[in-house]
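Have a look at protein28.cif below; it lists mmCIF, C-alpha atoms.
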data_input
#
loop_
_atom_site.label_atom_id
_atom_site.label_comp_id
_atom_site.auth_asym_id
_atom_site.auth_seq_id
_atom_site.Cartn_x
_atom_site.Cartn_y
_atom_site.Cartn_z
CA MET W 1 186.91 69.53 109.05
CA GLU W 2 187.88 67.10 111.80
CA GLN W 3 189.92 64.14 110.63
CA GLY W 4 188.88 61.62 113.25
CA LEU W 5 185.83 59.69 114.33
CA LYS W 6 184.36 60.65 117.71
CA LYS W 7 184.39 58.21 120.65
CA THR W 8 180.78 58.36 121.78
CA LEU W 9 179.43 54.79 121.93
CA LYS W 10 178.74 53.02 125.22
CA LEU W 11 178.63 49.22 125.46
CA PRO W 12 174.78 48.93 125.54
CA GLN W 13 174.55 51.22 122.51
CA LEU W 14 177.04 49.12 120.57
CA ILE W 15 175.12 45.95 121.44
CA ALA W 16 171.89 47.59 120.24
CA LEU W 17 173.53 48.77 117.02
CA ALA W 18 174.98 45.35 116.23
CA ALA W 19 171.86 43.39 117.19
CA GLY W 20 169.72 45.89 115.29
CA GLY W 21 171.82 45.17 112.21
CA MET W 22 171.17 41.44 112.57
CA ILE W 23 167.47 41.52 113.42
CA ALA W 24 165.52 42.16 110.24
CA ALA W 25 161.87 41.61 109.29
CA TRP W 26 161.75 37.90 110.15
CA MET W 27 157.96 37.85 109.80
CA VAL W 28 158.61 38.03 106.03
CA GLU W 29 161.80 35.97 105.82
CA ILE W 30 160.46 33.18 108.02
CA GLN W 31 158.84 31.81 104.87
CA TYR W 32 162.32 30.97 103.56
CA TRP W 33 163.32 29.36 106.86
CA PHE W 34 160.24 27.15 106.86
CA SER W 35 160.81 26.16 103.22
CA LEU W 36 164.22 24.83 104.25
CA THR W 37 163.43 22.99 107.45
CA GLY W 38 160.09 24.07 108.97
CA THR W 39 160.15 24.57 112.74
CA GLY W 40 163.53 22.85 112.65
CA SER W 41 164.78 26.35 111.85
CA LEU W 42 164.78 26.90 115.63
CA LEU W 43 167.51 24.29 116.06
CA ALA W 44 169.22 25.46 112.85
CA LEU W 45 169.38 29.02 114.20
CA ILE W 46 170.81 27.83 117.51
CA LEU W 47 173.42 25.61 115.88
CA CYS W 48 174.39 28.32 113.40
CA ALA W 49 174.87 30.73 116.33
CA VAL W 50 176.98 28.14 118.17
CA PHE W 51 179.22 27.80 115.11
CA VAL W 52 179.39 31.59 114.71
CA LEU W 53 180.35 32.05 118.38
CA PRO W 54 184.05 31.15 117.89
CA LEU W 55 184.13 33.77 115.13
CA CYS W 56 182.68 36.30 117.56
CA PHE W 57 185.49 35.65 120.02
CA ILE W 58 188.05 35.92 117.20
CA TYR W 59 186.47 39.20 116.16
CA ALA W 60 186.65 40.41 119.78
CA GLU W 61 190.40 39.80 119.98
CA MET W 62 191.08 41.25 116.54
CA THR W 63 188.96 44.31 117.29
CA THR W 64 190.86 45.08 120.51
CA MET W 65 194.21 44.48 118.81
CA LEU W 66 193.41 46.51 115.69
CA PRO W 67 190.55 48.82 116.73
CA TYR W 68 190.27 50.70 113.47
CA ALA W 69 187.38 51.45 111.13
CA GLY W 70 187.59 49.06 108.24
CA GLY W 71 187.64 46.01 110.46
CA GLU W 72 188.18 42.88 108.39
CA ASN W 73 190.00 44.77 105.63
CA VAL W 74 192.57 46.09 108.14
CA TRP W 75 193.07 42.66 109.69
CA VAL W 76 193.45 40.81 106.39
CA SER W 77 195.74 43.54 105.02
CA ASN W 78 198.05 43.12 108.00
CA ALA W 79 198.09 39.34 107.62
CA PHE W 80 198.19 38.85 103.85
CA GLY W 81 198.95 42.22 102.31
CA TRP W 82 197.26 45.24 100.77
CA ASN W 83 195.86 43.43 97.71
CA THR W 84 194.19 40.63 99.67
CA GLY W 85 192.81 43.26 102.03
CA TRP W 86 191.32 45.10 99.06
CA VAL W 87 189.56 41.90 97.93
CA CYS W 88 188.21 41.40 101.45
CA CYS W 89 186.98 45.00 101.52
CA TRP W 90 185.13 44.57 98.21
CA PHE W 91 183.36 41.45 99.49
CA VAL W 92 182.48 43.14 102.78
CA LEU W 93 180.87 46.00 100.86
CA LEU W 94 178.78 43.47 98.95
CA LEU W 95 177.49 42.07 102.24
CA TYR W 96 176.23 45.47 103.30
CA VAL W 97 175.04 47.09 100.08
CA MET W 98 173.18 44.12 98.63
CA ALA W 99 171.03 43.88 101.75
CA MET W 100 169.43 47.26 101.12
CA PRO W 101 166.61 45.92 98.89
CA THR W 102 165.46 43.61 101.69
CA VAL W 103 164.44 46.74 103.56
CA SER W 104 162.18 47.67 100.65
CA TYR W 105 160.46 44.30 100.61
CA GLY W 106 160.19 44.24 104.39
CA ILE W 107 158.54 47.63 104.55
CA ALA W 108 156.29 46.69 101.61
CA SER W 109 154.96 43.66 103.43
CA MET W 110 154.39 45.70 106.59
CA ILE W 111 152.49 48.46 104.81
CA GLY W 112 150.63 45.92 102.67
CA TYR W 113 149.17 44.41 105.82
CA LEU W 114 147.50 47.74 106.62
CA HIS W 115 146.73 48.86 103.07
CA PRO W 116 147.70 47.26 99.74
CA ILE W 117 150.29 49.19 97.72
CA THR W 118 151.85 48.60 94.33
CA SER W 119 155.44 47.57 93.70
CA GLY W 120 156.24 51.05 92.40
CA GLN W 121 154.77 52.69 95.50
CA THR W 122 156.79 50.31 97.65
CA LYS W 123 160.04 51.33 96.00
CA LEU W 124 159.13 55.02 96.25
CA VAL W 125 158.46 54.74 99.99
CA ALA W 126 161.70 52.84 100.50
CA ALA W 127 163.67 55.44 98.51
CA ILE W 128 162.19 58.27 100.61
CA ILE W 129 163.16 56.45 103.79
CA LEU W 130 166.72 56.03 102.49
CA VAL W 131 166.98 59.74 101.69
CA VAL W 132 165.80 60.65 105.19
CA TRP W 133 168.21 58.13 106.68
CA PHE W 134 171.07 59.67 104.69
CA PHE W 135 170.60 62.96 106.51
CA LEU W 136 170.45 61.14 109.85
CA THR W 137 173.72 59.31 109.16
CA ASN W 138 175.51 62.63 108.81
CA LYS W 139 174.51 63.72 112.31
CA GLU W 140 176.44 62.80 115.45
CA LEU W 141 176.64 59.07 115.94
CA LYS W 142 175.36 59.31 119.49
CA PHE W 143 172.03 60.61 118.10
CA ILE W 144 171.75 57.64 115.74
CA ALA W 145 172.83 55.31 118.55
CA LYS W 146 170.06 56.61 120.83
CA LEU W 147 167.46 56.24 118.08
CA GLN W 148 168.75 52.75 117.26
CA SER W 149 168.66 51.77 120.94
CA ILE W 150 165.02 52.83 121.26
CA LEU W 151 164.05 50.89 118.14
CA PHE W 152 166.01 47.80 119.19
CA TRP W 153 164.68 47.56 122.75
CA ALA W 154 161.15 48.16 121.47
CA THR W 155 161.67 45.32 118.99
CA LEU W 156 162.90 43.04 121.76
CA ILE W 157 159.94 43.75 124.04
CA VAL W 158 157.22 43.58 121.37
CA SER W 159 158.58 40.50 119.61
CA LEU W 160 159.00 38.48 122.80
CA ALA W 161 155.59 39.58 124.08
CA ALA W 162 153.96 38.58 120.78
CA SER W 163 155.63 35.15 120.87
CA VAL W 164 154.48 34.56 124.45
CA ILE W 165 150.92 35.62 123.54
CA PHE W 166 150.92 33.14 120.63
CA ILE W 167 152.12 30.33 122.89
CA CYS W 168 149.53 31.11 125.57
CA SER W 169 146.65 31.77 123.14
CA GLY W 170 145.11 28.32 123.35
CA SER W 171 145.68 27.78 119.62
CA TRP W 172 149.29 26.73 120.12
CA SER W 173 150.13 23.04 120.44
CA PHE W 174 153.40 21.14 120.69
CA SER W 175 152.05 18.44 118.38
CA ASN W 176 151.59 21.04 115.63
CA PHE W 177 155.08 22.40 116.26
CA ARG W 178 156.52 18.88 116.07
CA GLY W 179 154.52 18.15 112.92
CA ASN W 180 156.36 20.98 111.12
CA LEU W 181 159.83 19.71 112.07
CA PHE W 182 162.33 18.97 109.28
CA PRO W 183 159.91 18.63 106.33
CA SER W 184 162.88 18.44 103.94
CA GLY W 185 164.82 15.99 106.08
CA GLY W 186 168.51 16.21 106.91
CA LYS W 187 169.39 17.88 103.61
CA GLY W 188 167.15 20.88 104.26
CA PHE W 189 168.25 21.13 107.88
CA SER W 190 171.98 21.03 107.07
CA ALA W 191 171.47 23.65 104.36
CA ALA W 192 169.59 25.87 106.82
CA ILE W 193 172.50 25.78 109.30
CA ALA W 194 174.78 27.25 106.64
CA LEU W 195 172.35 29.62 104.89
CA LEU W 196 170.99 31.13 108.10
CA ILE W 197 174.40 32.69 108.67
CA MET W 198 172.83 35.65 106.84
CA LYS W 199 170.76 36.35 109.94
CA PHE W 200 173.90 36.83 112.03
CA ILE W 201 175.68 39.21 109.69
CA GLY W 202 175.68 42.37 111.73
CA PHE W 203 178.00 41.50 114.59
CA ASP W 204 180.75 42.61 112.21
CA LEU W 205 179.38 46.13 112.62
CA ILE W 206 181.25 46.20 115.94
CA PRO W 207 184.80 46.40 114.51
CA GLN W 208 183.61 49.00 112.00
CA LEU W 209 182.57 51.20 114.93
CA SER W 210 185.46 50.28 117.23
CA GLU W 211 187.16 53.66 116.75
CA GLU W 212 184.00 55.26 118.12
CA ALA W 213 183.63 53.00 121.18
CA ASN W 214 183.98 54.68 124.57
CA PHE W 215 184.42 51.81 127.03
CA PRO W 216 187.31 49.50 128.04
CA LYS W 217 188.47 47.36 125.12
CA LYS W 218 188.67 44.24 127.28
CA LYS W 219 184.85 44.33 127.47
CA MET W 220 184.49 44.24 123.69
CA TRP W 221 183.61 40.52 123.72
CA LYS W 222 180.40 41.38 125.56
CA ALA W 223 179.20 43.39 122.56
CA PHE W 224 179.64 40.38 120.26
CA VAL W 225 178.11 37.79 122.58
CA GLY W 226 175.30 40.12 123.68
CA SER W 227 174.20 41.03 120.16
CA LEU W 228 174.38 37.39 119.04
CA GLY W 229 172.40 36.21 122.06
CA PHE W 230 169.59 38.74 121.64
CA THR W 231 169.30 37.85 117.95
CA VAL W 232 168.95 34.12 118.66
CA LEU W 233 166.40 34.88 121.39
CA ILE W 234 164.14 36.98 119.15
CA TYR W 235 164.35 34.72 116.10
CA GLY W 236 164.03 31.51 118.11
CA MET W 237 160.96 32.69 120.01
CA ALA W 238 159.37 33.84 116.75
CA VAL W 239 159.73 30.34 115.29
CA VAL W 240 158.30 28.76 118.44
CA GLY W 241 155.42 31.25 118.63
CA VAL W 242 154.07 30.75 115.11
CA GLY W 243 155.28 27.17 114.60
CA GLY W 244 152.81 25.73 117.07
CA ILE W 245 149.79 27.38 115.43
CA ILE W 246 150.17 27.16 111.66
CA SER W 247 151.41 24.62 109.10
CA GLN W 248 154.39 24.85 106.79
CA ASP W 249 152.11 25.03 103.72
CA TRP W 250 150.23 27.95 105.27
CA VAL W 251 153.49 29.82 105.93
CA LEU W 252 154.68 29.35 102.35
CA GLN W 253 151.45 30.81 100.95
CA THR W 254 151.10 33.89 103.14
CA ASP W 255 152.70 37.30 102.73
CA ILE W 256 153.62 38.22 106.30
CA VAL W 257 153.49 35.57 109.00
CA ASP W 258 153.26 37.01 112.53
CA PRO W 259 150.50 39.60 111.90
CA ARG W 260 148.43 37.03 110.00
CA VAL W 261 148.81 34.61 112.90
CA ALA W 262 147.59 37.40 115.21
CA ASP W 263 144.50 37.70 113.00
CA MET W 264 143.95 33.95 113.24
CA ILE W 265 143.65 34.18 117.03
CA ASP W 266 141.40 37.27 116.79
CA MET W 267 144.03 39.77 117.90
CA HIS W 268 144.19 42.19 114.99
CA TRP W 269 145.47 44.88 117.35
CA LEU W 270 148.53 42.70 117.97
CA GLY W 271 149.07 42.40 114.24
CA ILE W 272 149.12 46.19 113.93
CA VAL W 273 151.61 46.48 116.81
CA ILE W 274 153.83 43.85 115.17
CA VAL W 275 153.74 45.72 111.87
CA ILE W 276 154.74 49.00 113.52
CA MET W 277 157.53 47.20 115.35
CA GLY W 278 158.59 45.42 112.17
CA THR W 279 158.94 48.70 110.31
CA GLY W 280 161.21 49.96 113.07
CA THR W 281 163.17 46.73 112.81
CA CYS W 282 163.76 47.37 109.11
CA LEU W 283 165.13 50.79 110.01
CA THR W 284 167.59 49.34 112.54
CA THR W 285 168.83 46.90 109.92
CA LEU W 286 169.18 49.70 107.39
CA SER W 287 171.06 51.83 109.91
CA GLY W 288 173.44 49.00 110.81
CA PHE W 289 174.35 48.09 107.26
CA TRP W 290 174.65 51.73 106.24
CA MET W 291 177.15 52.50 108.99
CA CYS W 292 179.09 49.32 108.24
CA ALA W 293 179.39 50.23 104.57
CA SER W 294 180.46 53.84 105.18
CA ARG W 295 183.06 52.82 107.78
CA THR W 296 184.37 50.13 105.44
CA LEU W 297 184.98 52.79 102.78
CA PHE W 298 186.44 55.12 105.42
CA GLY W 299 188.93 52.47 106.59
CA ALA W 300 189.87 51.52 103.03
CA ALA W 301 190.50 55.17 102.15
CA LYS W 302 192.93 55.45 105.09
CA GLN W 303 194.85 52.56 103.54
CA ALA W 304 194.82 54.27 100.11
CA GLN W 305 192.71 51.47 98.65
CA PHE W 306 190.21 54.11 97.55
CA THR W 307 190.54 57.87 97.27
CA LYS W 308 191.49 59.51 100.58
CA LYS W 309 188.57 61.89 100.14
CA LEU W 310 186.43 59.08 101.57
CA ALA W 311 188.35 59.42 104.85
CA LYS W 312 187.18 63.01 105.42
CA VAL W 313 184.62 63.61 108.15
CA ASN W 314 182.19 66.46 108.80
CA LYS W 315 181.78 68.51 111.97
CA HIS W 316 179.77 65.68 113.54
CA GLY W 317 182.60 63.20 112.98
CA GLN W 318 180.75 61.40 110.16
CA PRO W 319 182.39 60.23 106.90
CA PHE W 320 180.01 62.30 104.78
CA LEU W 321 181.38 61.42 101.32
CA ALA W 322 181.33 57.72 102.14
CA ASN W 323 177.73 58.18 103.32
CA ILE W 324 176.84 59.79 99.98
CA ILE W 325 178.24 56.82 98.04
CA VAL W 326 176.44 54.33 100.29
CA GLY W 327 173.24 56.33 99.87
CA ILE W 328 173.49 56.29 96.07
CA LEU W 329 174.18 52.55 96.00
CA SER W 330 171.41 51.73 98.45
CA ILE W 331 168.82 53.77 96.55
CA TYR W 332 169.94 52.22 93.26
CA PHE W 333 169.65 48.64 94.53
CA THR W 334 166.36 49.37 96.29
CA VAL W 335 164.71 50.98 93.26
CA PHE W 336 166.19 48.89 90.45
CA ALA W 337 166.76 45.49 92.07
CA PRO W 338 164.46 42.85 90.52
CA ASP W 339 161.71 41.34 92.63
CA ALA W 340 163.49 37.99 92.41
CA TRP W 341 166.42 39.49 94.31
CA VAL W 342 165.19 38.21 97.66
CA ASN W 343 164.99 34.67 96.26
CA TYR W 344 168.75 34.30 95.84
CA ILE W 345 170.15 36.85 98.26
CA TYR W 346 170.63 34.18 100.94
CA THR W 347 173.00 32.10 98.83
CA ILE W 348 175.07 35.11 97.69
CA TYR W 349 175.21 36.24 101.29
CA GLY W 350 176.30 32.82 102.50
CA LEU W 351 179.14 32.52 100.01
CA THR W 352 180.35 36.10 100.54
CA ALA W 353 180.19 35.82 104.33
CA GLY W 354 181.96 32.46 104.20
CA VAL W 355 184.85 33.95 102.22
CA VAL W 356 185.17 37.04 104.46
CA TYR W 357 184.99 35.07 107.71
CA LEU W 358 187.46 32.49 106.39
CA LEU W 359 189.96 35.26 105.61
CA VAL W 360 189.45 36.66 109.12
CA ALA W 361 190.03 33.27 110.78
CA LEU W 362 193.20 32.71 108.75
CA SER W 363 194.38 36.25 109.56
CA PHE W 364 193.76 35.63 113.27
CA LEU W 365 196.03 32.58 113.29
CA LYS W 366 198.73 34.24 111.20
CA LEU W 367 198.86 37.48 113.23
CA ARG W 368 199.14 35.47 116.44
CA ARG W 369 202.45 34.16 115.05
CA SER W 370 203.72 37.19 113.13
CA HIS W 371 202.84 39.92 115.66
CA PRO W 372 202.72 38.48 119.16
CA GLU W 373 204.01 41.83 120.46
CA TRP W 374 200.87 43.77 119.57
CA GLU W 375 198.72 44.52 122.59
CA ARG W 376 195.56 42.43 122.89
CA PRO W 377 193.34 43.77 125.71
CA TYR W 378 191.08 40.78 125.10
CA LYS W 379 193.10 37.64 124.32
CA LEU W 380 191.76 34.18 123.60
CA ARG W 381 193.17 31.09 125.21
CA ILE W 382 193.76 28.05 122.97
CA PRO W 383 193.60 30.23 119.83
CA TRP W 384 194.19 27.23 117.55
CA PHE W 385 190.85 25.74 118.62
CA PHE W 386 188.86 28.89 117.80
CA GLY W 387 190.76 29.37 114.54
CA ILE W 388 190.36 25.81 113.28
CA ALA W 389 186.69 25.59 114.37
CA SER W 390 185.93 28.81 112.48
CA ILE W 391 187.82 27.68 109.37
CA ILE W 392 185.90 24.39 109.26
CA PHE W 393 182.55 26.15 109.62
CA CYS W 394 183.41 28.75 106.96
CA VAL W 395 184.45 26.05 104.49
CA TYR W 396 181.16 24.27 105.20
CA VAL W 397 179.16 27.46 104.57
CA ILE W 398 181.03 28.08 101.31
CA TYR W 399 180.42 24.50 100.15
CA VAL W 400 176.69 24.52 100.94
CA THR W 401 176.06 27.89 99.30
CA ILE W 402 178.00 26.97 96.17
CA THR W 403 175.88 23.83 95.76
CA THR W 404 172.62 25.78 96.20
CA MET W 405 173.37 28.90 94.10
CA ASP W 406 171.36 29.18 90.89
CA ARG W 407 172.33 30.84 87.62
CA ASN W 408 171.00 34.28 88.55
CA ALA W 409 172.92 34.31 91.83
CA TRP W 410 176.16 33.44 90.04
CA ILE W 411 175.56 36.20 87.47
CA VAL W 412 175.08 38.82 90.20
CA LEU W 413 178.21 37.69 92.04
CA ILE W 414 180.40 37.54 88.94
CA VAL W 415 179.20 40.96 87.72
CA TYR W 416 179.99 42.45 91.12
CA ILE W 417 183.51 40.96 91.10
CA VAL W 418 184.15 42.25 87.59
CA LEU W 419 182.93 45.73 88.57
CA GLY W 420 185.55 45.83 91.31
CA ILE W 421 188.50 45.26 88.97
CA PRO W 422 188.60 48.85 87.57
CA PHE W 423 188.59 50.31 91.10
CA TRP W 424 191.50 48.09 92.14
CA ALA W 425 193.35 48.85 88.89
CA TYR W 426 192.82 52.59 89.39
CA ALA W 427 194.34 52.46 92.87
CA LYS W 428 197.35 50.51 91.57
CA ALA W 429 197.80 52.98 88.69
CA MET W 430 197.62 55.97 91.04
CA GLN W 431 200.30 54.41 93.23
CA LYS W 432 202.69 54.83 90.32
CA LYS W 433 201.35 58.18 89.10
CA ASP W 434 200.96 59.88 92.50
CA PRO W 435 202.95 57.82 95.04
CA GLU W 436 202.86 60.58 97.65
CA ASN W 437 199.07 60.48 98.04
CA TRP W 438 198.48 56.85 97.01
CA LYS W 439 201.29 55.08 98.82
CA GLU W 440 200.20 51.68 100.14
CA VAL W 441 199.34 52.00 103.82
CA ILE W 442 198.35 49.26 106.23
CA THR W 443 196.79 50.52 109.44
CA ASN W 444 198.23 48.95 112.59
CA PRO W 445 199.77 50.02 115.94
CA ASP W 446 203.18 50.51 114.34
CA THR W 447 202.02 52.81 111.54
CA GLU W 448 199.70 54.73 113.89
CA LYS W 449 202.66 55.55 116.16
CA LEU W 450 204.42 57.24 113.24
CA LYS W 451 201.59 59.77 112.73
#
Using structure tokens, write down the structure from this file.
Amino acid sequence: MEQGLKKTLKLPQLIALAAGGMIAAWMVEIQYWFSLTGTGSLLALILCAVFVLPLCFIYAEMTTMLPYAGGENVWVSNAFGWNTGWVCCWFVLLLYVMAMPTVSYGIASMIGYLHPITSGQTKLVAAIILVVWFFLTNKELKFIAKLQSILFWATLIVSLAASVIFICSGSWSFSNFRGNLFPSGGKGFSAAIALLIMKFIGFDLIPQLSEEANFPKKKMWKAFVGSLGFTVLIYGMAVVGVGGIISQDWVLQTDIVDPRVADMIDMHWLGIVIVIMGTGTCLTTLSGFWMCASRTLFGAAKQAQFTKKLAKVNKHGQPFLANIIVGILSIYFTVFAPDAWVNYIYTIYGLTAGVVYLLVALSFLKLRRSHPEWERPYKLRIPWFFGIASIIFCVYVIYVTITTMDRNAWIVLIVYIVLGIPFWAYAKAMQKKDPENWKEVITNPDTEKLK
């Protein structure tokens, strides 16, 4: 079996993969956005993206300096040591795996628009899709990338066209849009800025796939900015399109927003097109998170943070054992996650993302001082500005999510942290029992030269 990932990804494919990971079934989740701040979610999305942008540039430099699968784990390990890197890795996995049930609910709402199905049928359909996707993830990445690109560009075209149709339908009015602005005042708007960071988790797929990128590293920043920009465009236009037609109360009481709005303006055909597109969107999100999770395990295995068996790849250059584990976890969370899961996933996501991104920002500043000799094909000017701006935003996200997390969210987070302790303890025990195979390794240009 080959022991390396294949370099097959072009820049447009990487942008499509990352953006596809960020763009989920907003026609379902827009209910949560409107509950926070109504049509003010347009401004909240834009501001959140502006605050995330410095992180994107930090990620671009770190990715070109340490272009290894594992991404954040590798960076944090180099800055603060193997143990802190392991903690970062465990939190990164939570970001990816816990999102799997959202695919189930997204697909359920799509199918329910065409024909009502039960909760059990929903979970069965989602599980079948995950099984099919498992086999796809073990094929060559360029095949998945082509499929993802088709789904992403179709999403972009259909979603923007639908939003324009809504605006030009004659039912849209600016006064209605303005009437739905900031229903919860400044408190809801400020919370939305922090909590909507969930909608931009996906750009961190780029460092996970950096070993498989086949274009000049100095252009890596374009992948981050491009995927972020497309995501803001699609989400922002969706808010504008529906926000000028319906009320906040109507949004909170419906099951799936955009197709129902299409029905309101007597365009049921558009609703069907949106549903088909939305199902494809769920698949791109699933694909993005799946690849992130498997590459995270792959990178951790190379650092002996998990068994090195997870670093083995098949003939297509895919980490097949890592894919199996991700598949089992995703099916488990999709089938057995409670229906209330989607009600507190945003807050868990916000806190977890805040911690991971804070560790990355701190690692960026530290590695600038401790390893100035490492090559950086893309290098930021005034690094202190980007580092401090990102740290402030991450602390803000952590604070807001902590203040909004309910009891169930805390239970899920604490249980997940406790479950990680035996895996960490096993790795530490194996370092003493079998030091040859479990020796602490930190992937960087210096250690790679020794291979």
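Atom pair atom CA of W:Gly327 / atom CA of W:Trp133: separated by 8.7 Å.
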For this file, the PyMOL selection byres ((chain W and resi 30) around 10) selects which residues, as a PDB file with C-alpha atoms, keeping the file's coordinate frame?
ATOM      1  CA  ALA W  25     161.870  41.610 109.290  1.00  0.00           C
ATOM      2  CA  TRP W  26     161.750  37.900 110.150  1.00  0.00           C
ATOM      3  CA  MET W  27     157.960  37.850 109.800  1.00  0.00           C
ATOM      4  CA  VAL W  28     158.610  38.030 106.030  1.00  0.00           C
ATOM      5  CA  GLU W  29     161.800  35.970 105.820  1.00  0.00           C
ATOM      6  CA  GLN W  31     158.840  31.810 104.870  1.00  0.00           C
ATOM      7  CA  TYR W  32     162.320  30.970 103.560  1.00  0.00           C
ATOM      8  CA  TRP W  33     163.320  29.360 106.860  1.00  0.00           C
ATOM      9  CA  PHE W  34     160.240  27.150 106.860  1.00  0.00           C
ATOM     10  CA  SER W  35     160.810  26.160 103.220  1.00  0.00           C
ATOM     11  CA  LEU W  36     164.220  24.830 104.250  1.00  0.00           C
ATOM     12  CA  GLY W  38     160.090  24.070 108.970  1.00  0.00           C
ATOM     13  CA  THR W  39     160.150  24.570 112.740  1.00  0.00           C
ATOM     14  CA  SER W  41     164.780  26.350 111.850  1.00  0.00           C
ATOM     15  CA  TYR W 235     164.350  34.720 116.100  1.00  0.00           C
ATOM     16  CA  ALA W 238     159.370  33.840 116.750  1.00  0.00           C
ATOM     17  CA  VAL W 239     159.730  30.340 115.290  1.00  0.00           C
ATOM     18  CA  VAL W 242     154.070  30.750 115.110  1.00  0.00           C
ATOM     19  CA  VAL W 251     153.490  29.820 105.930  1.00  0.00           C
ATOM     20  CA  LEU W 252     154.680  29.350 102.350  1.00  0.00           C
ATOM     21  CA  ILE W 256     153.620  38.220 106.300  1.00  0.00           C
ATOM     22  CA  VAL W 257     153.490  35.570 109.000  1.00  0.00           C
ATOM     23  CA  ASP W 258     153.260  37.010 112.530  1.00  0.00           C
TER      24      ASP W 258
END
Shell around W:Met22 at 7 Å using all atoms listed in the file, local window under 3 positions removed, as a ChimeraX atom specification | /W:18-19,199-202,231,285
Name the residues captured by the PyMOL selection byres ((chain W and resi 37) around 10) when it is applied to the shown file; answer as a ChimeraX atom specification.
-> /W:32-36,38-44,180-193,248
Please evaluate the PyMOL selection byres ((chain W and resi 259) around 10) against the displayed coordinates and give the resulting residues as a list in words.
->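 With the shown file as input, the PyMOL selection byres ((chain W and resi 259) around 10) matches Met27, Met110, Tyr113, Ala162, Asp255, Ile256, Val257, Asp258, Arg260, Val261, Ala262, Asp263, Met264, Met267, His268, Trp269, Leu270, Gly271, Ile272, Val273, Ile274, Val275 and Gly278 of chain W.
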Write to file, as a tab-separated table (two decimals), in the frame of the given file, the residues of the selection just made, with C-alpha atoms.
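What landed in again-v5.tsv:
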chain	number	residue	atom	x	y	z
W	27	MET	CA	157.96	37.85	109.80
W	110	MET	CA	154.39	45.70	106.59
W	113	TYR	CA	149.17	44.41	105.82
W	162	ALA	CA	153.96	38.58	120.78
W	255	ASP	CA	152.70	37.30	102.73
W	256	ILE	CA	153.62	38.22	106.30
W	257	VAL	CA	153.49	35.57	109.00
W	258	ASP	CA	153.26	37.01	112.53
W	260	ARG	CA	148.43	37.03	110.00
W	261	VAL	CA	148.81	34.61	112.90
W	262	ALA	CA	147.59	37.40	115.21
W	263	ASP	CA	144.50	37.70	113.00
W	264	MET	CA	143.95	33.95	113.24
W	267	MET	CA	144.03	39.77	117.90
W	268	HIS	CA	144.19	42.19	114.99
W	269	TRP	CA	145.47	44.88	117.35
W	270	LEU	CA	148.53	42.70	117.97
W	271	GLY	CA	149.07	42.40	114.24
W	272	ILE	CA	149.12	46.19	113.93
W	273	VAL	CA	151.61	46.48	116.81
W	274	ILE	CA	153.83	43.85	115.17
W	275	VAL	CA	153.74	45.72	111.87
W	278	GLY	CA	158.59	45.42	112.17
Hey, can you check how far atom CA of W:Thr122 sits from atom CA of W:Phe336?
->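 Taking atom CA of W:Thr122 and atom CA of W:Phe336, their separation equals 11.9 Å.
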Return as CSV the residues of stretch 144-209 of chain W lying at most 9 Å from stretch 51-59 of chain W, together with the closest atom-to-atom pair for each and the distance in Å to one decimal, counting all atoms listed in the file, with rows in chain order and ascending residue number.
residue,atom,partner,partner_atom,distance
W:Ile197,CA,W:Val52,CA,7.9
W:Phe200,CA,W:Val52,CA,8.0
W:Phe203,CA,W:Cys56,CA,7.6
W:Asp204,CA,W:Tyr59,CA,7.7
W:Ile206,CA,W:Tyr59,CA,8.7
W:Pro207,CA,W:Tyr59,CA,7.6
Which residue of W:Leu147, W:Ala389, W:Leu205, W:Leu419 approaches W:Thr296 most closely, using only C-alpha atoms =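 Of the candidates, the smallest distance to W:Thr296 is held by W:Leu205.
Between atom CA of W:Ile234 and atom CA of W:Leu160 lies a distance of 6.5 Å.
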